[in-house]
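> For reference, the structure I am asking about is given below.
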Amino acid sequence: MYMYDEIDQSLVDERVIQFRDQVNRRMTGELSEDEFKPLRLMNGVYLQLHAYMLRVAIPYGTLSSEQMRKLAWIAKKYDRNYGHFTTRQNLQFNWPKLEDLPDILAELASVQMHALQTSGNCIRNVTADQFAGVAADEVVDPRIYAEIIRQWSTLHPEFTYLPRKFKIAVTGSEIDRAAVRFHDIGLIAKRNGAGELGFEVIIGGGLGRTPFVGPTIRDFLPERHLLSYLEAALRVYNQLGRRDNMYKARIKIQVHETGAETFTEMVEAEWAQIRDTAVDLAAGEKQRIADFFRPPRYRASADAEAQLRLQLRDDRNFARWVETNVAPHKVTGYRIANISLKPIGGIPGDASSEQMDAVAALADRFSFSEIRVTHEQNLVLPHVRADDLYALWQTLKSYDLDTPNLGEISDMIACPGMDYCALANARSIPVAQQISERFADLDRQHNIGELKLKISGCINACGHHHAGHIGILGVDRKGEEYYQITLGGSGAEDASVGDIVGPAFPYDKVVDAVETLVDTYLDIRTDGERFLDTYRRVGKTPFKEALYGTD
Amino acid sequence: MALIKNREITEDHWVRIDDESAVPAEGGAIVSIARWRKDRAVLAGRNAPIGVELESGDGPEVVADDIVRLDLIAVPFATFRDGRGYSTARLLRERYGFTGELRAVGNVLRDQLPLMERCGFDSFEYAGRTDAAKALKAFRDISAVYQTAADRRASAAALRNHPSKAFSNGTCG
C-alpha cells in the first residue's frame, strides 16, 4: 500500500487546520453559506435531509486494517455506530455534527486518510478495480496510476472550480470491474504491439439524467504521458464546459455536443503544447510510487489446495460461499475473498463498527492487513490462502458477513434514497430490502445466476440504475413514489445503458414486477445464459408482455 | 476593497477607465477589452502603463497579439465558482509568456487566493468579508503542492527527487 511521506502528511494535516478555520469563519458569519458550500464539499461535507454527511475518500478502494479500525472508531465515537460504503469506493458517515467534523478529519489524517475532493466541482476521488494487484488477467496494477492521479489532482489549482464534478476510474484488466466506460475519464491499461505500457483513454461516459457509454478518444497513450494528457483534457473541459446550466455542464454533454472526433482533436492539440513539459512525472517518482504496490510475501503451502478441496467436500454451506464469493488469485494457493455487505433484508453497503473491526482483524490474520472496497458496495480480502478460507468464513458467519450472494440478485447497488438524501424523489433502501427478502431463498438466487440489479432514488443515478441488468429508478408522480424499470444495462466491459421497459410501477407493485421479470427470464433462457444475455438475445417484448399484457 | 499584490496589501496605482471617459495621459489605466480593440493604436502609443480587463469567458487568445504591449491584464471572476479564469491565467503566463501584472478581479475571496496565485495571478482585487490583512494568511494555508503550475513552486515529486531542496513554500515550513 502507498504510505505517506512528510509531504503527503503535511498536506492532510494543514488541510484539517484550514477546514477548522473555515468552519469557524462560517460560524461567525465571515463566510456565507453560499461561500462555505464549495469549501465544505471539497472536504466531503454534505448537508443531507436530516443532518450533515461526511464522505471519506478510500482512494482506489484500498484500505489497511488500521484505517478500517479508525473508520469503525469514528462511527462509534462521532456517529451512530455504522458507516455506508458507496458506489465510488468512499465511506459515508450519515450523522456527524458540523462542529465535530474538523476533529473527525484530524482522526482520519492520523491514519493517512482524508475526505478531500469526495464532492464538489473538482476532480473526485479516483477509483480503480478492486482486484488490482491480485487479478490474474491484469496488465499492470492500476493503483500505481490511481495514486499518481490522486496526487496530481489533489488541490490542483487550475481544476478546483470546474463546470461540474469530474470522476476518473482506472483498470489494469480487460475485465472491467471499475465501470470505466461510465466515468468522465476511464483508463484501461494495456500493452501495444511493441510491449510498451499505455492506456486506452475513454472520455465522456456517465450516468445521471443523460447516460452515455463513453467513447474511446485515444487507443493508446504511452503511460509516461498520462498526466499531461489528463491535464490537456481537463483544460479543454474547464475552458469550454457550460457554466450557465448545471444539467449540461458535465464533460459527457460537451463531448456529445461537440462530437467525439472534434473533441479529441481539441484535446490532442492542447496536449501537443504540454506533452513534453514538467507536467508528467519523472521516472524516479513513478518508480517510488510503484514500489509501494509490490506484492506481499506470499507463503503458499503445498497442500493448501488439497485441504480446501476436503473442506469444500465436507461443508456444503462453505462450498456455496466459495463458489459465489471467492475469486481466483494470480498466485497459486491464494484466493480473493469477497465479503458481501448485502445480507438478506439489509441495507446495501452499510457496515457496523463491530463488522468493520471484525474485517480489520480478519485482514490482519488472513490478508496481509489489506482490505479493498468495491464500487458494488462490498468488501474484499485480496490475499487469502486457500487453506485459510474455511476459518475466515467461520468468523464471517458470526458477524453476518457470510452471505453467499456476490453478483446475484440480492447483491444490489442502491443509493441512500429518500431515507437520507435531499435530492431523492423516492425511497431506494426499502425497495432493495423487499426485493432481497422476496429472493431470500439462496438456492433460488443461485439458480437465477448473475443478475445485477441497481436502484436509484432519483434521476441523478447514484445507484447506477442505467447500468443494471435490471435498473430501478424512483420518480415522484404527484407526491407518490413510482419506479421506472430499465432492462439490459451493464457497467462491465460490455457496457450499455438499459432500456425503459414500460410505464412505472407504484411502490407496492415494484417487487412483484421484478419477480415477473426474473420468472420470464427463467422460462426463456437457454443453457448458461445470464439474464443480460437473454435480454440481449430476445429484446424487450417478452418481458414487456409479462409485465403489462399483450395489448 | 483592498488590493493585494505579491502577498501584501498595497495601494492601487491603477485607475479603471470606463468606455465613455477619456483616458488620462499619465498613470496606469485599465480599459475594457472592447475599448482596447477600438482604440488600440492610441492606447498603445500612450506613454504610460496600460492594462486591459477581459470579459468573463474570454480566453487568453483575445490578447495574444498584445502581450508585449500590455502592462496589466485583469481576469474577471463573475462568481468565485466560475473557474475559467484559472486556465486563462496559466496560459497567459506559461504559453503566451505574459510577465506584467496579472490581476484577479470580481468575486475574489480569501480561500481562492492561493489557487489563483499558483495559476499566475500576482495581484488581487480582494472582495471577501474576512479582513484583508487576515486573508493574507490564506497563502500559507498549505505548504505542499503536487503539481507544477505557473508559480513554479517545486512540486512534491520534484522535492522528492532533489531532497536537498528544503520542503517549504518560502514563507512557512
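Letters A, B, ... mark the chains of the C-alpha cells in the order given; residue numbers begin at 1 per chain; ligand numbers begin at 1, in order shown.
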Within 7 Å of chain A, which residues of chain B show up when using only C-alpha atoms, listed as a tab-separated table (two decimals) with C-alpha atoms, in the first residue's frame?


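What follows is the written file out_23.tsv:
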chain	number	residue	atom	x	y	z
B	81	ARG	CA	-17.35	29.29	-8.61
B	82	ASP	CA	-16.53	30.06	-12.25
B	83	GLY	CA	-13.07	28.57	-12.69
B	84	ARG	CA	-12.32	29.54	-16.29
B	86	TYR	CA	-7.61	29.80	-13.67
B	87	SER	CA	-6.91	28.31	-17.09
B	115	LEU	CA	-5.08	28.71	-6.12
B	116	MET	CA	-5.16	31.91	-8.13
B	118	ARG	CA	-0.49	29.22	-8.28
B	119	CYS	CA	-2.10	29.88	-11.68
B	129	ARG	CA	-15.66	39.73	4.10
B	130	THR	CA	-12.64	38.46	6.02
B	141	ASP	CA	-2.54	27.52	4.50
B	142	ILE	CA	-1.00	24.59	2.63
B	143	SER	CA	2.78	24.17	2.27
B	144	ALA	CA	2.98	21.31	-0.22
B	146	TYR	CA	1.61	18.24	-6.04
B	147	GLN	CA	1.63	19.94	-9.44
B	148	THR	CA	3.83	22.17	-11.49
B	156	ALA	CA	6.23	17.18	-4.16
B	157	ALA	CA	7.66	14.98	-6.91
B	161	ASN	CA	13.88	13.76	-6.45

> From a backbone DSSP assignment, name each residue in range 33-168 of chain B labelled helix (DSSP H, G or I), as number ranges by chain.

B: 33-45, 60-66, 84-94, 110-118, 132-140, 156-161

> So that I can check the surroundings of Leu102 in chain B, please list as a list in words every protein, DNA and RNA residue that reaches within 10 Å of it, counting only C-alpha atoms and ignoring chain neighbours fewer than 4 positions away.

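Here the answer would be Lys5, Gly51, Asp71, Leu72, Ile73, Ala74, Val75, Ala89, Leu92, Arg93, Phe98, Glu117, Cys119, Gly120, Phe121, Asp122, Ser123 and Phe124 of chain B.
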
> Go through B:Gly85, B:Gly45, B:Pro114, B:Pro76 and flag the residue nearest Gly59 in chain B, using only C-alpha atoms for the distances.

B:Gly85

> Using only C-alpha atoms, determine which residues lie at most 6 Å from Gly474 in chain A, disregarding the query and same-chain residues fewer than 5 positions distant; provide the list as a PyMOL selection string.

chain A and resi 426+457-458+482-483

> Please produce a file of the residues just selected, as an mmCIF file, in the first residue's frame, where the atoms kept are C-alpha atoms.


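Contents of result.cif, freshly written:
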data_model
loop_
_atom_site.group_PDB
_atom_site.id
_atom_site.type_symbol
_atom_site.label_atom_id
_atom_site.label_comp_id
_atom_site.auth_asym_id
_atom_site.auth_seq_id
_atom_site.Cartn_x
_atom_site.Cartn_y
_atom_site.Cartn_z
ATOM 1 C CA ALA A 426 -38.322 8.137 -3.776
ATOM 2 C CA GLY A 457 -33.931 7.136 -5.825
ATOM 3 C CA CYS A 458 -33.741 9.924 -8.399
ATOM 4 C CA TYR A 482 -43.217 5.379 -8.622
ATOM 5 C CA TYR A 483 -40.491 3.175 -10.022
#

> Hey, what's within 9 Å of Val322 in chain A if we count only C-alpha atoms and toss same-chain stuff fewer than 2 positions away? As a list in words, please?

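Here the answer would be Leu312, Asn317, Phe318, Ala319, Arg320, Thr324, Asn325, Val326, Ala327, Ala337, Leu389, Trp393 and Pro404 of chain A.
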
> Write a file of the selected residues as a JSON list (two decimals), in the first residue's frame, keeping C-alpha atoms.


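Generated output (result17.json):
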[["chain", "number", "residue", "atom", "x", "y", "z"],
["A", 312, "LEU", "CA", -15.40, -27.96, 0.21],
["A", 317, "ASN", "CA", -22.61, -24.13, 3.00],
["A", 318, "PHE", "CA", -18.93, -23.31, 2.86],
["A", 319, "ALA", "CA", -18.75, -24.67, -0.68],
["A", 320, "ARG", "CA", -21.63, -22.41, -1.71],
["A", 324, "THR", "CA", -20.19, -17.30, -5.21],
["A", 325, "ASN", "CA", -17.88, -15.09, -3.18],
["A", 326, "VAL", "CA", -14.34, -16.33, -3.80],
["A", 327, "ALA", "CA", -12.40, -15.41, -6.94],
["A", 337, "ALA", "CA", -12.40, -13.37, -0.80],
["A", 389, "LEU", "CA", -10.74, -19.68, 3.65],
["A", 393, "TRP", "CA", -15.72, -17.97, 6.53],
["A", 404, "PRO", "CA", -23.12, -16.07, -0.38]]

> Run DSSP on the backbone and tell me which residues of range 32-250 of chain A come out as strand (DSSP E or B); list them as a count of residues only.

53

> With a distance cut-off of 9 Å and only C-alpha atoms, select the neighbouring residues of Glu480 in chain A, excluding the residue or stretch itself and same-chain residues fewer than 5 positions from it, and output the selection as a list in words.

Asn425, Ala426, Val475, Pro506 and Tyr507 of chain A

> Determine the nearest neighbour of Asp39 in chain B from the options B:Tyr126, B:Asp19, B:Glu11, B:Ala25, counting only C-alpha atoms.

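Under the stated criterion, the closest residue is B:Asp19.
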
> Give me the residues within 7 Å of Arg110 in chain B as a ChimeraX atom specification, counting only C-alpha atoms and dropping any in the same chain fewer than 2 places off.

/B:112-113,128,135,138

> Do you have the CA of Tyr96 in chain B-CA of Ala149 in chain B distance handy?

14.2 Å
